[in-house]
Structures are given as structure tokens and as C-alpha cells.
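Engineer: The structure that follows is given in the form of C-alpha cells.
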Amino acid sequence: MTLAEKQQQLIENYAIIDDPQERLAAVVDDARKSPPLPATARTEANRVKGCISQAWIAAELRDDRCHFRSDADSPLVRGLLKLICDLYTGASPAEVIATEPVLFEVLGLARNLSPTRLNGLRSVRAKMCEFATSLLA
């Protein structure tokens with residue numbers, strides 16, 4: 001499955017929920033079911049700068065594919081991070097760099113987020129691209 005197909009699948013999974021606020025609640029609820037990031041991964045190097053909440057992205061390369069895990073002190077941010085990690089996990093470094101995360105806009109989630117939350121998501125995306133770029137260098 002390509003990254004574009006994966007993104008479309010995630011959009012379809014959440015689009016069955018009509019109300020964008022309820023979609024956002026489902027994203028938060030899905031993240032609650034995931035194990036938290038271990039304390040050993042909550043390092044300064046993994047911290048997302050530019051995010052109002054404390055947030056971390058742990059990245060690794062396995063079998064030439066990027067794998068991302070995340071955590072945050074805010075349930076909302078934790079949900080958003082899990083969604084973007086679900087999108088990019090399993091993608092090649094080139095796919096991570098080339099594919100914009102349009103699911104937040106398509107699902108109507110972005111319009112329910114404050115400008116600071118949106119800025120935080122951009123910082124997360126930048127951190128993921130930085131990791132992927134370092135692998136291609």
C-alpha cells in the first residue's frame with residue numbers, strides 16, 4: 001500500500017463519523033488505547049519544539065522504512081500525534097518527505113484546532129521530515 005493509499009484509508013476510516021468534533025473525539029479515544037512512549041524515549045532530542053504541550057516523536061528506521069511513535073501530556077495532542085505517526089509509519093524516507101498530511105484538513109479536524117495546535121502539527125511534520133532527510137543524506 002502506498003502512503004497516498006494509506007492516507008486515503010485513514011480518511012475513510014474517520015469519515016464515517018459525520019461530525020468533525022466527534023471525529024476529533026474518536027482520534028483522542030484511539031490514542032488512549034495505545035501504550036505511552038517509554039520514559040527512555042521521552043528525551044530532549046525527541047521533544048517536539050514549537051508545540052505548546054510537551055510532545056515527543058521517537059523515530060527509527062527498520063527494513064528501510066520509517067517507524068514513528070509519539071506521546072504528549074495533552075490527550076488532544078496525543079491523539080493528533082498518534083494519527084500522524086500512524087500515517088507515516090511504514091513509509092520510505094522519500095515518501096515521508098514527499099507526502100503532505102492532508103487528512104487533518106479533509107476530515108475537518110484542522111478547523112477545530114487553535115493556531116498554536118496547528119503550528120505544533122507543522123513542527124511534528126518538520127521533525128519527521130528532518131529524520132527522513134537525514135536517512136537520505
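Simple scheme: letters A, B, ... for chains in C-alpha cells order, numbers from 1 for residues in each chain, numbers from 1 for ligands in the order shown.
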Determine, counting only C-alpha atoms, which protein, DNA and RNA residues have an atom within 10 Å of an atom of Arg111 (chain A); residues of the same chain fewer than 6 positions away are not included. Present the result as a list of chain:residue names.
Structural biologist: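 Answer for this query is A:Pro20, A:Gln21, A:Phe104, A:Glu105, A:Leu118.
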Engineer: Go ahead and write the residues just picked, N, CA and C atoms, as a compact mmCIF listing (two decimals), in the first residue's frame.
Structural biologist:
# COMPACT_ATOMS: atom_id res chain seq x y z
N PRO A 20 -17.31 16.66 12.67
CA PRO A 20 -15.86 16.83 12.88
C PRO A 20 -15.44 16.82 14.36
N GLN A 21 -16.28 17.35 15.23
CA GLN A 21 -15.95 17.33 16.67
C GLN A 21 -15.93 15.89 17.19
N PHE A 104 -5.86 16.01 8.02
CA PHE A 104 -6.39 16.93 9.03
C PHE A 104 -7.38 17.92 8.41
N GLU A 105 -7.07 18.38 7.20
CA GLU A 105 -7.98 19.30 6.52
C GLU A 105 -9.19 18.56 5.95
N LEU A 118 -2.11 23.96 15.40
CA LEU A 118 -1.74 23.77 14.00
C LEU A 118 -0.24 24.00 13.79
Engineer: List every residue of region 14-96 of chain A that DSSP, applied to the backbone of this structure, places in alpha helix (DSSP H), and write the result as a PyMOL selection string.
Structural biologist: chain A and resi 14-15+20-32+75-88+93-96
Engineer: Limited to C-alpha atoms, could you put the picked residues into a file as a PDB file, in the first residue's frame?
Structural biologist:
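Written out: part.pdb:
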ATOM      1  CA  TYR A  14     -12.693   8.511  10.268  1.00  0.00           C
ATOM      2  CA  ALA A  15     -15.029   9.994   7.637  1.00  0.00           C
ATOM      3  CA  PRO A  20     -15.855  16.827  12.877  1.00  0.00           C
ATOM      4  CA  GLN A  21     -15.950  17.330  16.670  1.00  0.00           C
ATOM      5  CA  GLU A  22     -16.901  13.680  17.127  1.00  0.00           C
ATOM      6  CA  ARG A  23     -14.121  12.702  14.706  1.00  0.00           C
ATOM      7  CA  LEU A  24     -11.656  14.596  16.861  1.00  0.00           C
ATOM      8  CA  ALA A  25     -13.008  12.807  19.938  1.00  0.00           C
ATOM      9  CA  ALA A  26     -12.508   9.466  18.147  1.00  0.00           C
ATOM     10  CA  VAL A  27      -8.895  10.386  17.328  1.00  0.00           C
ATOM     11  CA  VAL A  28      -8.293  11.201  21.008  1.00  0.00           C
ATOM     12  CA  ASP A  29     -10.029   7.993  22.106  1.00  0.00           C
ATOM     13  CA  ASP A  30      -7.964   5.867  19.701  1.00  0.00           C
ATOM     14  CA  ALA A  31      -4.770   7.291  21.194  1.00  0.00           C
ATOM     15  CA  ARG A  32      -5.902   6.329  24.705  1.00  0.00           C
ATOM     16  CA  PRO A  75      -4.868  13.939  25.328  1.00  0.00           C
ATOM     17  CA  LEU A  76      -5.756  16.014  22.251  1.00  0.00           C
ATOM     18  CA  VAL A  77      -2.138  16.380  21.164  1.00  0.00           C
ATOM     19  CA  ARG A  78      -1.502  12.707  21.910  1.00  0.00           C
ATOM     20  CA  GLY A  79      -4.357  11.803  19.556  1.00  0.00           C
ATOM     21  CA  LEU A  80      -3.162  14.088  16.774  1.00  0.00           C
ATOM     22  CA  LEU A  81       0.392  12.775  17.092  1.00  0.00           C
ATOM     23  CA  LYS A  82      -0.770   9.171  17.002  1.00  0.00           C
ATOM     24  CA  LEU A  83      -2.746   9.882  13.839  1.00  0.00           C
ATOM     25  CA  ILE A  84       0.225  11.427  12.039  1.00  0.00           C
ATOM     26  CA  CYS A  85       2.507   8.627  13.270  1.00  0.00           C
ATOM     27  CA  ASP A  86       0.006   6.033  12.024  1.00  0.00           C
ATOM     28  CA  LEU A  87       0.102   7.754   8.647  1.00  0.00           C
ATOM     29  CA  TYR A  88       3.885   7.845   8.224  1.00  0.00           C
ATOM     30  CA  PRO A  93      12.038   8.188   3.876  1.00  0.00           C
ATOM     31  CA  ALA A  94      11.314   9.611   0.405  1.00  0.00           C
ATOM     32  CA  GLU A  95       7.556   9.073   0.883  1.00  0.00           C
ATOM     33  CA  VAL A  96       7.629  10.811   4.261  1.00  0.00           C
TER      34      VAL A  96
END
Engineer: Going by DSSP on the backbone, which residues of chain A come out as strand (DSSP E)? List them as a ChimeraX atom specification.
Structural biologist: /A:55-62,65-72
Engineer: Quick one: residues within 10 Å of Cys51 (chain A), only C-alpha atoms counted, chain neighbours fewer than 5 positions away excluded, as a list in words?
Structural biologist: Trp56, Ala72, Val77, Thr116, Arg117, Leu118, Asn119, Gly120, Leu121, Arg122, Ser123 and Val124 of chain A
Engineer: Next, the residues of the selection above should be written as a tab-separated table (two decimals), in the first residue's frame with C-alpha atoms.
Structural biologist:
chain	number	residue	atom	x	y	z
A	56	TRP	CA	7.74	13.64	21.77
A	72	ALA	CA	2.20	14.04	24.72
A	77	VAL	CA	-2.14	16.38	21.16
A	116	THR	CA	-0.92	27.09	18.19
A	117	ARG	CA	-2.04	23.46	17.78
A	118	LEU	CA	-1.74	23.77	14.00
A	119	ASN	CA	1.74	25.24	14.42
A	120	GLY	CA	2.60	22.28	16.65
A	121	LEU	CA	1.46	19.87	13.92
A	122	ARG	CA	3.71	21.67	11.44
A	123	SER	CA	6.59	21.23	13.90
A	124	VAL	CA	5.82	17.50	14.15
Engineer: Considering only C-alpha atoms, can you say which of A:Met128, A:Glu44, A:Lys49, A:Gly90 comes closest to Arg65 (chain A)?
Structural biologist: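 That would be A:Gly90, the residue with the smallest distance to Arg65 (chain A).
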Engineer: Between A:Ala91, A:Leu109, A:Ala98, A:Ala126, which has the minimum distance to Lys6 (chain A) (counting only C-alpha atoms)?
Structural biologist: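 The shortest atom-to-atom distance to Lys6 (chain A) comes from A:Ala91.
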Engineer: Would you compute the distance between CA of Ala110 (chain A) and CA of Lys127 (chain A)? Give it in Å to one decimal.
Structural biologist: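 Computed distance, CA of Ala110 (chain A) to CA of Lys127 (chain A), equals 19.1 Å.
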Engineer: For the atom pair CA of Arg62 (chain A) and CA of Glu12 (chain A), what is the interatomic distance in Å to one decimal place?
Structural biologist: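 So the two atoms, CA of Arg62 (chain A) and CA of Glu12 (chain A), lie 27.4 Å apart.
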Engineer: Between A:Ser92, A:Ser114, A:Pro101, A:Ser74, which residue has the minimum interatomic distance to Leu136 (chain A), considering only C-alpha atoms?
Structural biologist: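 Result for the nearest residue to Leu136 (chain A): A:Ser92.
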Engineer: One decimal, Å: what's the distance from CA of Pro115 (chain A) over to CA of Ile52 (chain A), could you say?
Structural biologist: 10.8 Å
Engineer: Considering only C-alpha atoms, state which residue in the set A:Asn112, A:Asp73, A:Thr89, A:Thr99 is at the smallest distance from Ala59 (chain A).
Structural biologist: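 Selected residue with least distance to Ala59 (chain A): A:Thr89.
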Engineer: For each of A:Leu103, A:Ala45, A:Leu135, A:Ile97, take the minimum atom-to-atom distance to Gln9 (chain A), counting only C-alpha atoms, then give the residue where this is smallest.
Structural biologist: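 Under the stated criterion, the closest residue is A:Leu103.
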Engineer: Measuring atom to atom with only C-alpha atoms, identify which of A:Leu107, A:Val102, A:Cys129, A:Leu113 is nearest to Gln7 (chain A).
Structural biologist: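 Result for the nearest residue to Gln7 (chain A): A:Val102.
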